[in-house]
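Peer 1: A single structure is presented below for examination.
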Amino acid sequence: MRIALFATCVVDQVLPEIGLAALTVLDRIGCSAEFPQDQTCCGQPFYNAGHRGEAARLARATVKILDAFDAVVVPSGSCAAMIRVHYADLLPAGDPSHDAARSVAAKTFEFSEFVSRQPQAADLDAACSARLTMHDGCHSLRELGVRDQPRRLLGNVEGCELVELDDRQQCCGFGGSFSVSFDRISADMGNAKVDAIVATGAEALVSCDPSCLLQIKGILDRRGLEIEILHLAQVLASDRHVS
Amino acid sequence: MKPAAERFHEQADRALDLVQLQGALHRTTSRFVDLRLAAVSERPDWESLRTRARAARLEAIAHLDRYLEQFEASVQANGGTVWWARTAEEACQHVTAIARRRGVKIAVKSKSMATEEIGLNHALEDAGVTPVETDLGEYIIQLAHDAPSHFLAPAIHWTKERVGDLFARTLGVPLTTEPGELTAIARRTLRERFLTASMGITGANFAVAETGTIVVVENEGNARLATSLPPVHVAVIGIDKIVPRFADLDPLLSVLPRSATGQRLSSYVNILNGMRRPGETDGPEEFHVVLLDNGRSRLLADPEARESLLCIRCAACLGVCPVYRRAGGHAYGWVYQGPIGAVVTPGLLGVDAARELPFASSLCGACRDACPIKIDIPRMLLHFRKEAAELPPEPGTVGRWPLRVAGWVMASPARFRLAGRIGYWLQRAAGGGQWFAPGPAARWARWRSVPQLAARPLRDLVKDR
Amino acid sequence: MSRDRILADVRTALRLAMPEPHHHPHPDWPVAAPHRWPSLLAQFRERFEGLGGRWHDAADRAAFDRHLITVARQHAGLVWVARDPDGLLDRLGVADTLAAAGVDVARAFEGPAQADRLALSITATTAAIAESGTFALIPGPGQGRLSSVIAPAHLTVLDPECVVATLGDFIRQAEGALGSRQVSAAILVTGPSRTADIEGQLLVGVHGPGQVHCLPAVGN
């Protein structure tokens with residue numbers, strides 16, 4: 001079985017450690033994945049901005065690369081949802097890439113979703129003695145139905161204590177270009193999320209969505225709060241203690 | 001009400017500045033959300049109720065022409081009269097013509113978004129009729145010449161102190177800020193209006209094609225008084241309010257109050273078959289329905305946005321929307337606020353009249369979950385974003401070219417990698433970009449630290465593995 | 001003509017089909033622990049009282065009459081005993097009982113002059129919905145819609161046999177009456193008149209009654 005890691009543009013350029021951690025975890029559960037060098041972006045930023053031409057071009061390129069694989073793992077719920085849910089609207093019947101888009105959509109999984117389906121997931125000997133809290137990305141939660149999977153996986157991590165956020169399904173306010181075009185509202189939402197994080201007393205915040213992590217980290221830093229941000233893959237790949 | 005949906009930022013900023021308003025918005029919307037979830041928890045069949053409610057609405061909209069004709073015939077069989085209005089002006093003309101023929105001086109109104117939408121109060125005043133809003137929230141709004149900011153709780157942005165001032169100033173009553181006393185003042189003042197009005201004007205939550213029945217849901221009793229005491233009842237109803245069968249009222253009335261206010265049923269549900277029958281002791285002598293298009297057939301003609309016509313105006317999406325909860329209702333600039341407003345407003349008025357609204361969302365999807373009809377609001381926001389992006393750029397804005405360039409860069413892995421490298425070195429040279437962030441980055445950096453591009457991208461790092 | 005133009009526009013619009021819906025996982029809806037009541041009447045009572053309604057239990061006709069008089073005196077003023085399709089209130093002698101006790105009784109709404117004097121209206125419930133504590137009035141000859149909202153207090157006399165379980169049951173029952181076009185309305189009342197329009201504070205009695213009473217019929 002050939003598995004592709006579709007890392008997403010944010011992970012590639014800003015948070016590559018998440019991509020490395022995801023590859024490590026996939027290795028450990030016997031599902032080694034390749035990083036196709038031709039990948040760039042799923043097209044979501046353009047799609048969400050209404051620029052369907054640019055988005056469709058990127059989507060066509062993406063499905064062309066990914067259709068050669070048996071499964072696609074995406075360490076971002078939002079980008080996985082773009083491929084799985086929105087490609088159908090972006091590349092509708094009649095588009096030359098429509099069939100490939102459907103085929104790719106059917107074999108694309110958000111990271112925690114994919115890992116938790118593998119029998120070896122229970123044997124991941126990750127350890128992380130820290131008090132963690134978890135933020136669900138809205139698209140993971142509401143478009144992919146990813147709720148329990150990351151928590152089940154964290155449950156297998158030795159030493160980690162998960163404290164849930166108050167009002168945990170609230171959006172962190174990122175929303176792509178929303179974070180700059182409606183910056184004040186976006187930041188107010190982010191600050192409310194950070195307040196909830198602080199209230200848990202957690203040492204680190206875990207999410208399956210790198211872009212949410214960027215928003216939250218941006219606010220944590222600005223407020224001078226020393227709470228670490230981690231992708232779930234980083235927790236699962238760790239056999240160290242969070243400092 | 002005149003649309004002003006192009007000023008979202010200004011209004012949202014004003015709302016964010018008002019600490020009192022933020023408190024009121026959060027308190028009220030949070031309460032709505034908690035009450036809704038408590039009410040939902042009592043119906044283990046909630047998801048199947050949603051499915052049934054949606055099916056009834058979908059059926060109506062899918063064969064709207066047929067059901068409209070059937071509704072018209074049913075109203076006529078009940079002895080009522082049906083007027084058709086393509087535009088707001090035409091709808092107002094129908095109502096003022098009825099008022100003129102009956103010599104109406106005072107018309108009592110219950111809360112109705114359709115009449116708000118067509119600016120009926122102004123038209124009535126011009127025709128020499130005094131329109132009196134009788135829903136407490138709408139009454140406050142009317143006395144203050146303000147605009148509603150929530151289609152369920154129109155005066156959600158008013159504090160009791162301001163209401164007290166307003167009543168003292170406009171009604172000549174002693175100053176009080178006690179909500180119970182304020183409510184009693186409104187009751188006394190409006191009761192006299194009910195007893196002297198010769199026309200009652202309402203909207204409708206549902207209009208049943210099969211029986212010609214209209215349903216008006218309320219909590220105060222004002223709609224019931226307005227449809228019992230005056231000799232003429234006029235209902236202004238959007239053509240989207242049709243439901244096919246009387247039996248459809250079961251799922252629809254089961255989800256509406258629970259989603260709106262968390263009530264198992266609203267205090268007063270008025271299931272009205274028109275004018276009083278022989279022998280009945282009250283109820284109107286005349287019953288008129290004004291069927292209003294005003295952009296709805298245009299919205300219907302857009303298959304990507306048609307789903308918005310399924311809305312039953314419960315306002316559940318407002319309560320859960322993190323943007324509405326901060327920006328307040330006035331930012332949406334028209335009669336329909338919140339996530340559904342961000343779809344309905346561009347749909348009814350054209351996206352050029354509300355080009356900012358579809359973007360006023362983080363696309364979190366909380367609205368779709370809360371919606372008792374399962375309306376996919378984020379998907380329609382994305383549709384209107386596409387429509388907005390296709391408009392000629394507004395003067396003074398950069399337009400499409402930054403995203404075009406970004407798209408061109410992203411379309412090639414080599415260009416994408418190179419851009420990342422250039423960005424990395426520029427950012428390093430600019431000291432991490434925390435003190436110099438160009439363009440949109442400045443608006444990010446206003447509130448947040450700027451993310452640092454990686455020294456080596458993942459595409460390079462994987463080669464070392 | 002606008003009618004034809006609107007219908008033509010609608011028909012043209014409907015030629016294009018809506019896109020298929022996306023299938024999203026639905027939220028885990030909260031589910032409250034189920035509760036069972038010994039009877040529909042018991043459920044109705046609990047829900048009605050939960051809304052702030054006052055329940056009056058009468059074991060026999062004498063107790064029924066006593067409750068009637070107590071409530072009427074509590075709301076000192078004119079009492080409107082409305083007529084009902086089945087003549088239940090007449091069979092129970094409600095107006096006579098009150099008149100004999102010295103209560104000022106009216107049998108019809110006589111317009112604005114009388115409105116100020118009204119303290120209480122009394123109706124007979126056509127149907128009641130247990131799940132929501134709702135009672136329904138379907139007016140017939142000699143009745144109307146006003147009796148449920150015009151007075152500051154409202155007492156309804158409930159035939160225990162008329163309680164149905166759900167709103168759906170009531171809608172099926174009302175369909176016959178409204179579908180026949182013989183009646184002009186079905187009027188539902190769920191608790192007192194209420195508003196939360198000033199700072200979200202829940203207040204009762206804004207336009208309709210601030211107090212609702214329910215008195216189950218005995219020996220009818």
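Ordering of the structure tokens sets the chain letters (A, B, ...), residue numbers begin anew at 1 in every chain, and ligands are numbered from 1 in the order given.
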Might you pull out every residue within 12 Å of Glu143 (chain A), with only C-alpha atoms counted and same-chain residues fewer than 3 positions away left off, and present them as an mmCIF file with C-alpha atoms, in the first residue's frame?
Peer 2:
data_model
loop_
_atom_site.group_PDB
_atom_site.id
_atom_site.type_symbol
_atom_site.label_atom_id
_atom_site.label_comp_id
_atom_site.auth_asym_id
_atom_site.auth_seq_id
_atom_site.Cartn_x
_atom_site.Cartn_y
_atom_site.Cartn_z
ATOM 1 C CA GLY A 77 -8.345 18.703 9.389
ATOM 2 C CA SER A 78 -9.125 21.808 7.436
ATOM 3 C CA CYS A 79 -7.139 20.792 4.348
ATOM 4 C CA ALA A 80 -8.402 17.209 4.577
ATOM 5 C CA ALA A 81 -11.956 18.597 4.583
ATOM 6 C CA MET A 82 -11.128 20.756 1.592
ATOM 7 C CA ILE A 83 -10.179 17.645 -0.367
ATOM 8 C CA ARG A 84 -12.888 15.406 0.967
ATOM 9 C CA VAL A 85 -15.860 17.766 1.067
ATOM 10 C CA HIS A 86 -15.195 20.816 -1.081
ATOM 11 C CA PHE A 109 -7.864 11.028 5.847
ATOM 12 C CA GLU A 110 -7.079 13.526 8.513
ATOM 13 C CA ASP A 136 -10.667 20.791 17.813
ATOM 14 C CA GLY A 137 -10.368 22.473 14.453
ATOM 15 C CA CYS A 138 -13.855 23.367 13.207
ATOM 16 C CA HIS A 139 -13.524 21.488 9.941
ATOM 17 C CA SER A 140 -12.129 18.376 11.661
ATOM 18 C CA VAL A 146 -13.175 13.941 14.059
ATOM 19 C CA ARG A 147 -13.940 14.151 17.764
ATOM 20 C CA LEU B 363 -16.500 29.307 8.301
ATOM 21 C CA CYS B 364 -16.559 27.438 11.588
ATOM 22 C CA GLY B 365 -19.868 25.789 10.722
ATOM 23 C CA ALA B 366 -21.479 26.152 14.157
ATOM 24 C CA ARG B 368 -25.015 24.556 10.233
ATOM 25 C CA ASP B 369 -24.974 22.338 13.305
ATOM 26 C CA ASP B 376 -25.467 24.431 4.865
ATOM 27 C CA PRO B 378 -20.965 27.922 5.115
ATOM 28 C CA ARG B 379 -21.333 26.367 1.690
ATOM 29 C CA HIS C 22 -22.820 17.583 1.495
ATOM 30 C CA HIS C 23 -23.076 14.955 4.148
ATOM 31 C CA HIS C 24 -21.739 16.248 7.412
ATOM 32 C CA PRO C 25 -21.622 14.284 10.620
ATOM 33 C CA HIS C 26 -24.276 15.643 12.933
ATOM 34 C CA PRO C 27 -23.331 16.809 16.409
#
Peer 1: Could you write out, as a list in words, all the residues of region 77-242 of chain A that DSSP marks as strand (DSSP E or B)?
Peer 2: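 Selection result, strand (DSSP E or B) within region 77-242 of chain A: Thr108, Phe109, Glu110, Ala127, Arg131, Leu132, Thr133, Met134, His135, Glu158, Glu161, Leu162, Ala204, Leu205, Val206, Ser207, Glu228, Ile229, Leu230 and His231 of chain A.
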Peer 1: I'd like the contact shell of Thr108 (chain A) - 10 Å cut-off, only C-alpha atoms, skipping same-chain residues fewer than 6 positions apart - returned as a ChimeraX atom specification.
Peer 2: /A:3-6,66-67,69-74,80-81,83-84,114
Peer 1: List as CSV every residue of region 127-221 of chain B that is in contact with region 281-303 of chain B, defined as an atom at most 12 Å from one of its atoms (using only C-alpha atoms), together with the nearest atom pair and the distance in Å rounded to one decimal, sorted by chain and then rising number.
Peer 2:
residue,atom,partner,partner_atom,distance
B:Ala197,CA,B:Pro284,CA,11.8
B:Ser198,CA,B:Pro284,CA,9.5
B:Met199,CA,B:Pro284,CA,8.7
B:Gly200,CA,B:Pro284,CA,8.6
B:Ile201,CA,B:His288,CA,9.6
B:Thr202,CA,B:Val289,CA,9.7
B:Gly203,CA,B:Val289,CA,9.2
B:Ala204,CA,B:Val289,CA,9.9
B:Ala207,CA,B:Val289,CA,10.0
B:Gly212,CA,B:Val289,CA,10.0
B:Thr213,CA,B:Val289,CA,10.8
B:Ile214,CA,B:Val289,CA,9.4
Peer 1: Could you pull out the helix (DSSP H, G or I) residues of region 22-71 of chain C from DSSP and send them as an MDAnalysis selection string?
Peer 2: chainID C and resid 40:50 61:71
Peer 1: Could you name the residues that touch region 126-139 of chain C at 7 Å or less, counting only C-alpha atoms, but leaving out those on the same chain fewer than 6 positions away, as a list in words?
Peer 2: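 Listed by chain and then number, they are Arg264 and Leu265 of chain B; Leu40, Leu41, Gln43, Phe44, Arg45, Arg47, Phe48, Arg145, Cys162, Val163, Val164, Ala165, Thr166, Leu167, Phe170, Val183, Ala185, Ala186, Ile187, Leu188, Val189 and Thr190 of chain C.
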Peer 1: Just the residues within 10 Å of region 130-138 of chain B, please, counting only C-alpha atoms, with nothing from its chain fewer than 4 positions along; format it as a ChimeraX atom specification.
Peer 2: /B:104-112,120-126,142-144,146-148,150-156,158,163,182-183,186-187,189-191,193-194,197,199-201,218-223,225-226 /C:195-198,206-207
Peer 1: Hey, which bits of chain C sit within 7 Å of chain B, and for each residue what's the closest pair of atoms and how far apart in Å (one decimal), counting only C-alpha atoms, rows by chain and increasing number, as CSV?
Peer 2:
residue,atom,partner,partner_atom,distance
C:Ser2,CA,B:Trp84,CA,5.9
C:Arg3,CA,B:Trp84,CA,5.3
C:Ile6,CA,B:Arg86,CA,6.6
C:Leu7,CA,B:Asp65,CA,5.6
C:Asp9,CA,B:Ser297,CA,6.0
C:Val10,CA,B:Ser297,CA,5.5
C:Arg11,CA,B:Asp65,CA,6.2
C:Ala13,CA,B:Ala301,CA,3.9
C:Leu14,CA,B:Ala301,CA,6.5
C:Leu16,CA,B:Pro303,CA,6.4
C:Ala17,CA,B:Pro303,CA,6.2
C:Met18,CA,B:Pro303,CA,4.6
C:Pro19,CA,B:Glu304,CA,6.6
C:His26,CA,B:Asp369,CA,6.7
C:Pro27,CA,B:Asp369,CA,6.6
C:Trp29,CA,B:Ser41,CA,6.7
C:Pro30,CA,B:Ser41,CA,4.8
C:Val31,CA,B:Ser41,CA,4.1
C:Ala32,CA,B:Ser41,CA,5.0
C:Pro112,CA,B:Leu195,CA,5.7
C:Ser132,CA,B:Arg264,CA,5.4
C:Gly140,CA,B:Glu280,CA,6.0
C:Pro141,CA,B:Gly279,CA,4.2
C:Gly142,CA,B:Glu280,CA,5.2
C:Gln143,CA,B:Glu280,CA,5.1
C:Gly144,CA,B:Asp282,CA,4.9
C:Arg145,CA,B:Ser228,CA,6.1
C:Leu146,CA,B:Ser228,CA,6.0
C:Val149,CA,B:Gly221,CA,6.3
C:Leu167,CA,B:Asp250,CA,6.3
C:Gly168,CA,B:Asp250,CA,4.8
C:Ile171,CA,B:Asp250,CA,6.3
C:Arg172,CA,B:Ala247,CA,6.6
C:Glu175,CA,B:Phe246,CA,6.5
C:Leu178,CA,B:Asn273,CA,6.9
C:Gly179,CA,B:Thr211,CA,5.5
C:Arg181,CA,B:Asn78,CA,6.1
C:Gln182,CA,B:Arg277,CA,7.0
C:Val183,CA,B:Arg277,CA,6.1
C:Ser184,CA,B:Asn273,CA,4.6
C:Ala185,CA,B:Leu272,CA,4.4
C:Ala186,CA,B:Ile271,CA,5.0
C:Ile187,CA,B:Asn270,CA,5.2
C:Leu188,CA,B:Val269,CA,5.0
C:Val189,CA,B:Tyr268,CA,5.0
C:Thr190,CA,B:Ser267,CA,4.3
C:Gly191,CA,B:Ser267,CA,5.7
C:Pro192,CA,B:Ser267,CA,6.6
C:Ser193,CA,B:Glu220,CA,4.8
C:Arg194,CA,B:Glu220,CA,5.0
C:Thr195,CA,B:Glu220,CA,5.9
C:Asp197,CA,B:Gly137,CA,5.2
C:Ile198,CA,B:Lys160,CA,6.1
C:Glu199,CA,B:Thr159,CA,5.9
C:Gly200,CA,B:Thr28,CA,5.8
C:Leu203,CA,B:Gly180,CA,6.6
C:Val206,CA,B:Arg187,CA,5.7
C:His207,CA,B:Gly221,CA,5.3
C:Gly208,CA,B:Gly221,CA,4.9
Peer 1: Save out the residues we just selected, C-alpha atoms, as a compact mmCIF listing (two decimals), in the first residue's frame.
Peer 2:
# COMPACT_ATOMS: atom_id res chain seq x y z
CA SER C 2 -47.69 40.27 -10.72
CA ARG C 3 -49.25 36.93 -9.89
CA ILE C 6 -44.07 35.69 -9.94
CA LEU C 7 -45.29 32.21 -10.80
CA ASP C 9 -40.27 33.50 -12.39
CA VAL C 10 -40.60 30.68 -9.88
CA ARG C 11 -41.10 28.11 -12.63
CA ALA C 13 -36.01 29.36 -11.42
CA LEU C 14 -36.93 25.78 -10.62
CA LEU C 16 -32.21 24.31 -12.45
CA ALA C 17 -31.81 21.67 -9.75
CA MET C 18 -30.11 22.32 -6.42
CA PRO C 19 -26.71 20.69 -5.93
CA HIS C 26 -24.28 15.64 12.93
CA PRO C 27 -23.33 16.81 16.41
CA TRP C 29 -26.94 15.96 20.57
CA PRO C 30 -27.29 16.08 24.32
CA VAL C 31 -29.83 13.55 25.58
CA ALA C 32 -31.56 14.05 28.90
CA PRO C 112 -63.19 48.42 24.81
CA SER C 132 -45.37 20.99 26.41
CA GLY C 140 -66.80 27.49 17.20
CA PRO C 141 -70.09 29.40 17.06
CA GLY C 142 -70.47 31.69 20.04
CA GLN C 143 -66.72 31.72 20.68
CA GLY C 144 -63.60 33.47 19.55
CA ARG C 145 -59.87 33.86 19.98
CA LEU C 146 -59.79 36.71 22.45
CA VAL C 149 -55.44 36.92 25.87
CA LEU C 167 -47.81 18.32 19.36
CA GLY C 168 -47.97 15.84 16.48
CA ILE C 171 -51.85 18.57 14.73
CA ARG C 172 -53.46 15.35 13.47
CA GLU C 175 -56.30 18.89 10.81
CA LEU C 178 -59.15 23.38 10.13
CA GLY C 179 -59.14 21.34 6.94
CA ARG C 181 -62.69 25.29 6.72
CA GLN C 182 -65.57 25.43 9.23
CA VAL C 183 -63.54 27.09 11.98
CA SER C 184 -61.29 30.11 11.69
CA ALA C 185 -58.51 29.20 14.08
CA ALA C 186 -56.84 26.87 16.49
CA ILE C 187 -55.37 28.77 19.39
CA LEU C 188 -52.58 27.30 21.50
CA VAL C 189 -51.57 28.59 24.91
CA THR C 190 -48.38 27.47 26.61
CA GLY C 191 -47.99 29.23 29.92
CA PRO C 192 -48.41 32.94 30.59
CA SER C 193 -47.72 35.78 28.17
CA ARG C 194 -43.98 36.41 28.33
CA THR C 195 -41.20 38.55 27.00
CA ASP C 197 -37.04 41.83 25.26
CA ILE C 198 -35.45 44.01 27.93
CA GLU C 199 -31.98 42.69 28.70
CA GLY C 200 -33.15 39.12 28.34
CA LEU C 203 -41.21 38.77 32.45
CA VAL C 206 -46.81 41.64 28.78
CA HIS C 207 -49.86 41.66 26.50
CA GLY C 208 -51.73 38.53 27.51
Peer 1: Could you check which of B:Arg421, B:Lys241, B:Arg385, B:Arg313 is closest to chain A, using only C-alpha atoms?
Peer 2: B:Arg385
Peer 1: Grab the CA of Ala199 (chain A) to CA of Leu132 (chain A) distance for me, in Å with one decimal place.
Peer 2: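 Taking CA of Ala199 (chain A) and CA of Leu132 (chain A), their separation equals 11.9 Å.
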Peer 1: Give the answer as one residue: which of C:Gly87, C:Pro160, C:Pro152, C:Pro21 has the shortest atom-to-atom distance to chain A, using only C-alpha atoms?
Peer 2: C:Pro21
Peer 1: So what do you get for CA of Leu310 (chain B) versus CA of Pro322 (chain B), distance-wise?
Peer 2: 22.6 Å
